[in-house]
file final.pdb (PDB, C-alpha atoms)
MODEL        1
ATOM      1  CA  CYS A   1      36.169  64.990  -7.382
ATOM      2  CA  ALA A   2      39.291  64.183  -5.383
ATOM      3  CA  GLY A   3      37.410  61.657  -3.262
ATOM      4  CA  ASP A   4      39.873  60.385  -0.701
ATOM      5  CA  GLY A   5      42.867  61.514  -2.816
ATOM      6  CA  THR A   6      43.933  58.055  -4.022
ATOM      7  CA  MET A   7      44.133  58.969  -7.727
ATOM      8  CA  ALA A   8      45.924  62.269  -7.040
ATOM      9  CA  ASP A   9      48.451  60.527  -4.788
ATOM     10  CA  VAL A  10      49.368  58.106  -7.585
ATOM     11  CA  ILE A  11      49.634  60.921 -10.134
ATOM     12  CA  SER A  12      51.819  62.971  -7.789
ATOM     13  CA  THR A  13      54.124  60.005  -7.161
ATOM     14  CA  ILE A  14      54.475  59.168 -10.856
ATOM     15  CA  THR A  15      55.018  62.726 -12.058
ATOM     16  CA  SER A  16      56.747  64.266  -9.010
ATOM     17  CA  LYS A  17      54.482  67.294  -9.570
ATOM     18  CA  ASN A  18      52.275  69.174  -7.156
ATOM     19  CA  VAL A  19      48.647  68.162  -7.487
ATOM     20  CA  ASP A  20      45.734  70.397  -6.468
ATOM     21  CA  MET A  21      42.798  68.418  -5.128
ATOM     22  CA  PHE A  22      39.231  69.703  -4.864
ATOM     23  CA  ASP A  23      36.017  68.070  -3.719
ATOM     24  CA  LEU A  24      32.644  69.027  -2.271
ATOM     25  CA  VAL A  25      33.753  67.292   0.934
ATOM     26  CA  SER A  26      37.335  67.555   2.168
ATOM     27  CA  ARG A  27      38.354  64.122   3.403
ATOM     28  CA  ARG A  28      41.973  65.153   4.054
ATOM     29  CA  ASP A  29      43.800  68.355   4.968
ATOM     30  CA  ASP A  30      45.300  68.667   1.463
ATOM     31  CA  ILE A  31      41.923  68.440  -0.292
ATOM     32  CA  LYS A  32      40.326  71.845  -0.758
ATOM     33  CA  GLU A  33      36.581  71.931  -0.146
ATOM     34  CA  LEU A  34      35.067  73.472  -3.244
ATOM     35  CA  ASN A  35      32.085  73.282  -5.557
ATOM     36  CA  TYR A  36      33.761  72.923  -8.957
ATOM     37  CA  PHE A  37      30.882  74.585 -10.796
ATOM     38  CA  ASP A  38      30.801  77.669  -8.566
ATOM     39  CA  ALA A  39      34.579  78.096  -8.431
ATOM     40  CA  GLU A  40      36.540  80.723 -10.291
ATOM     41  CA  PHE A  41      39.986  79.423 -11.210
ATOM     42  CA  SER A  42      42.607  82.154 -11.543
ATOM     43  CA  ASP A  43      45.295  79.694 -12.642
ATOM     44  CA  LYS A  44      45.047  77.919 -15.929
ATOM     45  CA  TYR A  45      45.836  74.249 -15.439
ATOM     46  CA  ASP A  46      48.148  72.183 -17.685
ATOM     47  CA  LEU A  47      46.351  68.960 -16.869
ATOM     48  CA  ILE A  48      43.024  68.056 -15.279
ATOM     49  CA  ILE A  49      42.415  64.414 -14.355
ATOM     50  CA  THR A  50      39.323  63.193 -12.553
ATOM     51  CA  ASN A  51      36.557  60.654 -12.227
ATOM     52  CA  PRO A  52      33.519  62.953 -12.073
ATOM     53  CA  PRO A  53      30.024  61.944 -10.999
ATOM     54  CA  TYR A  54      28.548  60.467 -14.157
ATOM     55  CA  LYS A  55      25.387  62.557 -13.820
ATOM     56  CA  TYR A  56      27.482  65.728 -14.265
ATOM     57  CA  ALA A  57      30.268  64.347 -16.459
ATOM     58  CA  GLN A  58      29.529  66.508 -19.502
ATOM     59  CA  GLU A  59      29.440  69.660 -17.386
ATOM     60  CA  PHE A  60      32.776  68.696 -15.807
ATOM     61  CA  VAL A  61      34.357  68.217 -19.236
ATOM     62  CA  GLU A  62      33.040  71.515 -20.576
ATOM     63  CA  LYS A  63      34.180  73.504 -17.520
ATOM     64  CA  ALA A  64      37.624  71.849 -17.584
ATOM     65  CA  LEU A  65      38.104  72.783 -21.238
ATOM     66  CA  ASP A  66      36.806  76.279 -20.530
ATOM     67  CA  ILE A  67      39.415  76.978 -17.835
ATOM     68  CA  MET A  68      42.315  75.474 -19.809
ATOM     69  CA  GLU A  69      44.464  77.060 -22.496
ATOM     70  CA  ASP A  70      44.854  75.531 -25.967
ATOM     71  CA  GLY A  71      47.116  72.510 -26.033
ATOM     72  CA  LYS A  72      46.456  71.554 -22.402
ATOM     73  CA  ILE A  73      45.043  68.125 -21.525
ATOM     74  CA  CYS A  74      41.884  66.964 -19.766
ATOM     75  CA  CYS A  75      41.483  63.277 -18.808
ATOM     76  CA  MET A  76      38.187  61.917 -17.543
ATOM     77  CA  PHE A  77      37.524  58.382 -16.335
ATOM     78  CA  LEU A  78      33.987  57.718 -17.573
ATOM     79  CA  LYS A  79      31.597  54.974 -18.560
ATOM     80  CA  LEU A  80      31.900  53.820 -22.147
ATOM     81  CA  THR A  81      28.244  54.837 -22.575
ATOM     82  CA  PHE A  82      29.397  58.457 -22.280
ATOM     83  CA  LEU A  83      29.753  58.240 -26.077
ATOM     84  CA  GLU A  84      25.952  58.086 -26.406
ATOM     85  CA  GLY A  85      23.372  60.855 -26.377
ATOM     86  CA  LYS A  86      22.148  63.808 -28.443
ATOM     87  CA  LYS A  87      23.398  66.397 -25.959
ATOM     88  CA  ARG A  88      26.865  64.836 -25.842
ATOM     89  CA  TYR A  89      26.893  64.575 -29.641
ATOM     90  CA  GLU A  90      26.825  68.373 -29.726
ATOM     91  CA  MET A  91      29.636  68.557 -27.170
ATOM     92  CA  PHE A  92      31.745  65.999 -29.076
ATOM     93  CA  SER A  93      31.222  68.009 -32.264
ATOM     94  CA  LYS A  94      32.547  71.121 -30.537
ATOM     95  CA  TYR A  95      35.172  69.358 -28.363
ATOM     96  CA  PRO A  96      36.179  66.008 -29.859
ATOM     97  CA  PRO A  97      38.405  63.938 -27.581
ATOM     98  CA  GLU A  98      41.890  63.329 -28.910
ATOM     99  CA  LYS A  99      41.907  59.737 -27.618
ATOM    100  CA  ILE A 100      39.556  57.273 -26.027
ATOM    101  CA  LEU A 101      41.337  54.519 -24.110
ATOM    102  CA  VAL A 102      38.955  51.594 -23.628
ATOM    103  CA  PHE A 103      39.713  48.961 -20.994
ATOM    104  CA  SER A 104      39.974  45.464 -22.524
ATOM    105  CA  THR A 105      38.074  44.023 -19.542
ATOM    106  CA  ARG A 106      35.659  45.550 -17.106
ATOM    107  CA  VAL A 107      37.531  47.245 -14.304
ATOM    108  CA  ASN A 108      36.503  47.647 -10.698
ATOM    109  CA  CYS A 109      36.314  51.070  -9.120
ATOM    110  CA  ALA A 110      37.811  50.545  -5.695
ATOM    111  CA  HIS A 111      36.257  52.762  -3.077
ATOM    112  CA  GLY A 112      39.029  54.066  -0.858
ATOM    113  CA  GLY A 113      41.652  52.241  -2.914
ATOM    114  CA  ASP A 114      40.577  48.805  -1.620
ATOM    115  CA  PHE A 115      41.066  46.872  -4.864
ATOM    116  CA  GLU A 116      41.297  43.500  -3.102
ATOM    117  CA  LYS A 117      37.736  43.828  -1.807
ATOM    118  CA  GLU A 118      36.468  45.094  -5.169
ATOM    119  CA  SER A 119      38.151  42.245  -7.105
ATOM    120  CA  GLU A 120      35.850  39.816  -5.305
ATOM    121  CA  ILE A 121      32.778  41.673  -6.582
ATOM    122  CA  GLY A 122      33.714  41.989 -10.267
ATOM    123  CA  GLY A 123      33.164  44.869 -12.669
ATOM    124  CA  ALA A 124      29.677  45.478 -13.993
ATOM    125  CA  VAL A 125      30.362  48.631 -16.048
ATOM    126  CA  ALA A 126      32.610  49.239 -19.064
ATOM    127  CA  TYR A 127      34.921  52.244 -18.572
ATOM    128  CA  ALA A 128      37.340  54.263 -20.670
ATOM    129  CA  TRP A 129      39.713  57.180 -20.256
ATOM    130  CA  TYR A 130      38.576  60.095 -22.429
ATOM    131  CA  ILE A 131      41.422  62.446 -23.264
ATOM    132  CA  TRP A 132      40.945  65.920 -24.651
ATOM    133  CA  ARG A 133      43.694  68.248 -25.855
ATOM    134  CA  LYS A 134      42.058  71.649 -25.881
ATOM    135  CA  GLY A 135      41.870  72.980 -29.420
ATOM    136  CA  ASN A 136      42.003  69.534 -31.051
ATOM    137  CA  MET A 137      39.422  69.206 -33.823
ATOM    138  CA  ASN A 138      40.457  65.815 -35.232
ATOM    139  CA  LEU A 139      38.375  62.690 -34.752
ATOM    140  CA  PRO A 140      39.447  60.662 -31.727
ATOM    141  CA  LYS A 141      41.899  57.812 -31.903
ATOM    142  CA  ILE A 142      40.581  54.754 -30.065
ATOM    143  CA  GLU A 143      43.019  52.497 -28.247
ATOM    144  CA  TRP A 144      42.635  49.677 -25.765
ATOM    145  CA  ILE A 145      44.204  49.260 -22.356
ATOM    146  CA  LYS A 146      44.993  45.576 -21.866
ATOM    147  CA  ILE A 147      44.587  44.329 -18.319
TER     148      ILE A 147
ENDMDL
END

call {"tool": "encode", "arguments": {"input": "final.pdb", "output": "structure tokens"}}
result
Amino acid sequence: CAGDGTMADVISTITSKNVDMFDLVSRRDDIKELNYFDAEFSDKYDLIITNPPYKYAQEFVEKALDIMEDGKICCMFLKLTFLEGKKRYEMFSKYPPEKILVFSTRVNCAHGGDFEKESEIGGAVAYAWYIWRKGNMNLPKIEWIKI
């Protein structure tokens, strides 16, 4: 779910680390075209960060945790309503997030990084960062991101 690479570019700049980007459609030369669910990952990743399609969010979380080693971190930008549902209850029982970072106001998801255009529209959905540390079995700590 690299999209146009905006999120990965920011992460790479902040961390000075190499970032692998994958998406169903490669929109740049450095984004590998790949179906995440069909892919076999030979490398175990230290950190997976993405904004998956909400329809498949649970499957993205479960695959990410499956390909990671204990202690590694998975961060998913998801709707706050991701907390709901019988099917996700089972997943949360097996893989509780370590933290849930809730935005204090509704944020805009800027397509193509155009936040100026999106700020005129206004946010209609409540979002949070869900953070898993593989192997964690404690209840999540909830924090708020003030913006």

call {"tool": "resolve_selection", "arguments": {"input": "final.pdb", "expression": "the PyMOL selection byres ((chain A and resi 82-97) around 10)", "output": "compact mmCIF listing (two decimals) with C-alpha atoms, in the coordinates of the input"}}
result
# COMPACT_ATOMS: atom_id res chain seq x y z
CA TYR A 54 28.55 60.47 -14.16
CA ALA A 57 30.27 64.35 -16.46
CA GLN A 58 29.53 66.51 -19.50
CA GLU A 59 29.44 69.66 -17.39
CA VAL A 61 34.36 68.22 -19.24
CA GLU A 62 33.04 71.52 -20.58
CA LEU A 65 38.10 72.78 -21.24
CA ILE A 73 45.04 68.12 -21.52
CA CYS A 74 41.88 66.96 -19.77
CA CYS A 75 41.48 63.28 -18.81
CA LEU A 78 33.99 57.72 -17.57
CA LYS A 79 31.60 54.97 -18.56
CA LEU A 80 31.90 53.82 -22.15
CA THR A 81 28.24 54.84 -22.58
CA GLU A 98 41.89 63.33 -28.91
CA LYS A 99 41.91 59.74 -27.62
CA ILE A 100 39.56 57.27 -26.03
CA TYR A 127 34.92 52.24 -18.57
CA ALA A 128 37.34 54.26 -20.67
CA TYR A 130 38.58 60.10 -22.43
CA ILE A 131 41.42 62.45 -23.26
CA TRP A 132 40.94 65.92 -24.65
CA ARG A 133 43.69 68.25 -25.86
CA LYS A 134 42.06 71.65 -25.88
CA GLY A 135 41.87 72.98 -29.42
CA ASN A 136 42.00 69.53 -31.05
CA MET A 137 39.42 69.21 -33.82
CA ASN A 138 40.46 65.82 -35.23
CA LEU A 139 38.38 62.69 -34.75
CA PRO A 140 39.45 60.66 -31.73
CA LYS A 141 41.90 57.81 -31.90
CA ILE A 142 40.58 54.75 -30.06

call {"tool": "resolve_selection", "arguments": {"input": "final.pdb", "expression": "the PyMOL selection byres ((chain A and resi 25-34) around 12)", "output": "VMD selection string"}}
result
chain A and resid 1 to 6 8 to 9 18 to 24 35 to 41 112

call {"tool": "atom_distance", "arguments": {"input": "final.pdb", "atom1": "CA of Ile11 in chain A", "atom2": "CA of Lys72 in chain A"}}
result
16.5 Å

call {"tool": "atom_distance", "arguments": {"input": "final.pdb", "atom1": "CA of Ile14 in chain A", "atom2": "CA of Asn51 in chain A"}}
result
18.0 Å

call {"tool": "resolve_selection", "arguments": {"input": "final.pdb", "expression": "the PyMOL selection byres ((chain A and resi 107) around 6)", "output": "short mmCIF file (atom, residue, chain, number, x, y, z; two decimals) with C-alpha atoms, in the coordinates of the input"}}
result
data_model
loop_
_atom_site.label_atom_id
_atom_site.label_comp_id
_atom_site.auth_asym_id
_atom_site.auth_seq_id
_atom_site.Cartn_x
_atom_site.Cartn_y
_atom_site.Cartn_z
CA ARG A 106 35.66 45.55 -17.11
CA ASN A 108 36.50 47.65 -10.70
CA GLY A 123 33.16 44.87 -12.67
#

call {"tool": "atom_distance", "arguments": {"input": "final.pdb", "atom1": "CA of Val10 in chain A", "atom2": "CA of Ile48 in chain A"}}
result
14.1 Å

call {"tool": "axis_aligned_box", "arguments": {"input": "final.pdb", "around": "range 136-142 of chain A", "padding_each_side": "5 Å", "output": "JSON"}}
result
{"center_x": 40.2, "center_y": 62.1, "center_z": -32.6, "size_x": 13.6, "size_y": 24.8, "size_z": 15.2}

call {"tool": "closest_residue", "arguments": {"input": "final.pdb", "among": "A:Ile67, A:Ile49, A:Tyr56, A:Leu101", "to": "Ser12 in chain A", "atoms": "all atoms listed in the file"}}
result
A:Ile49
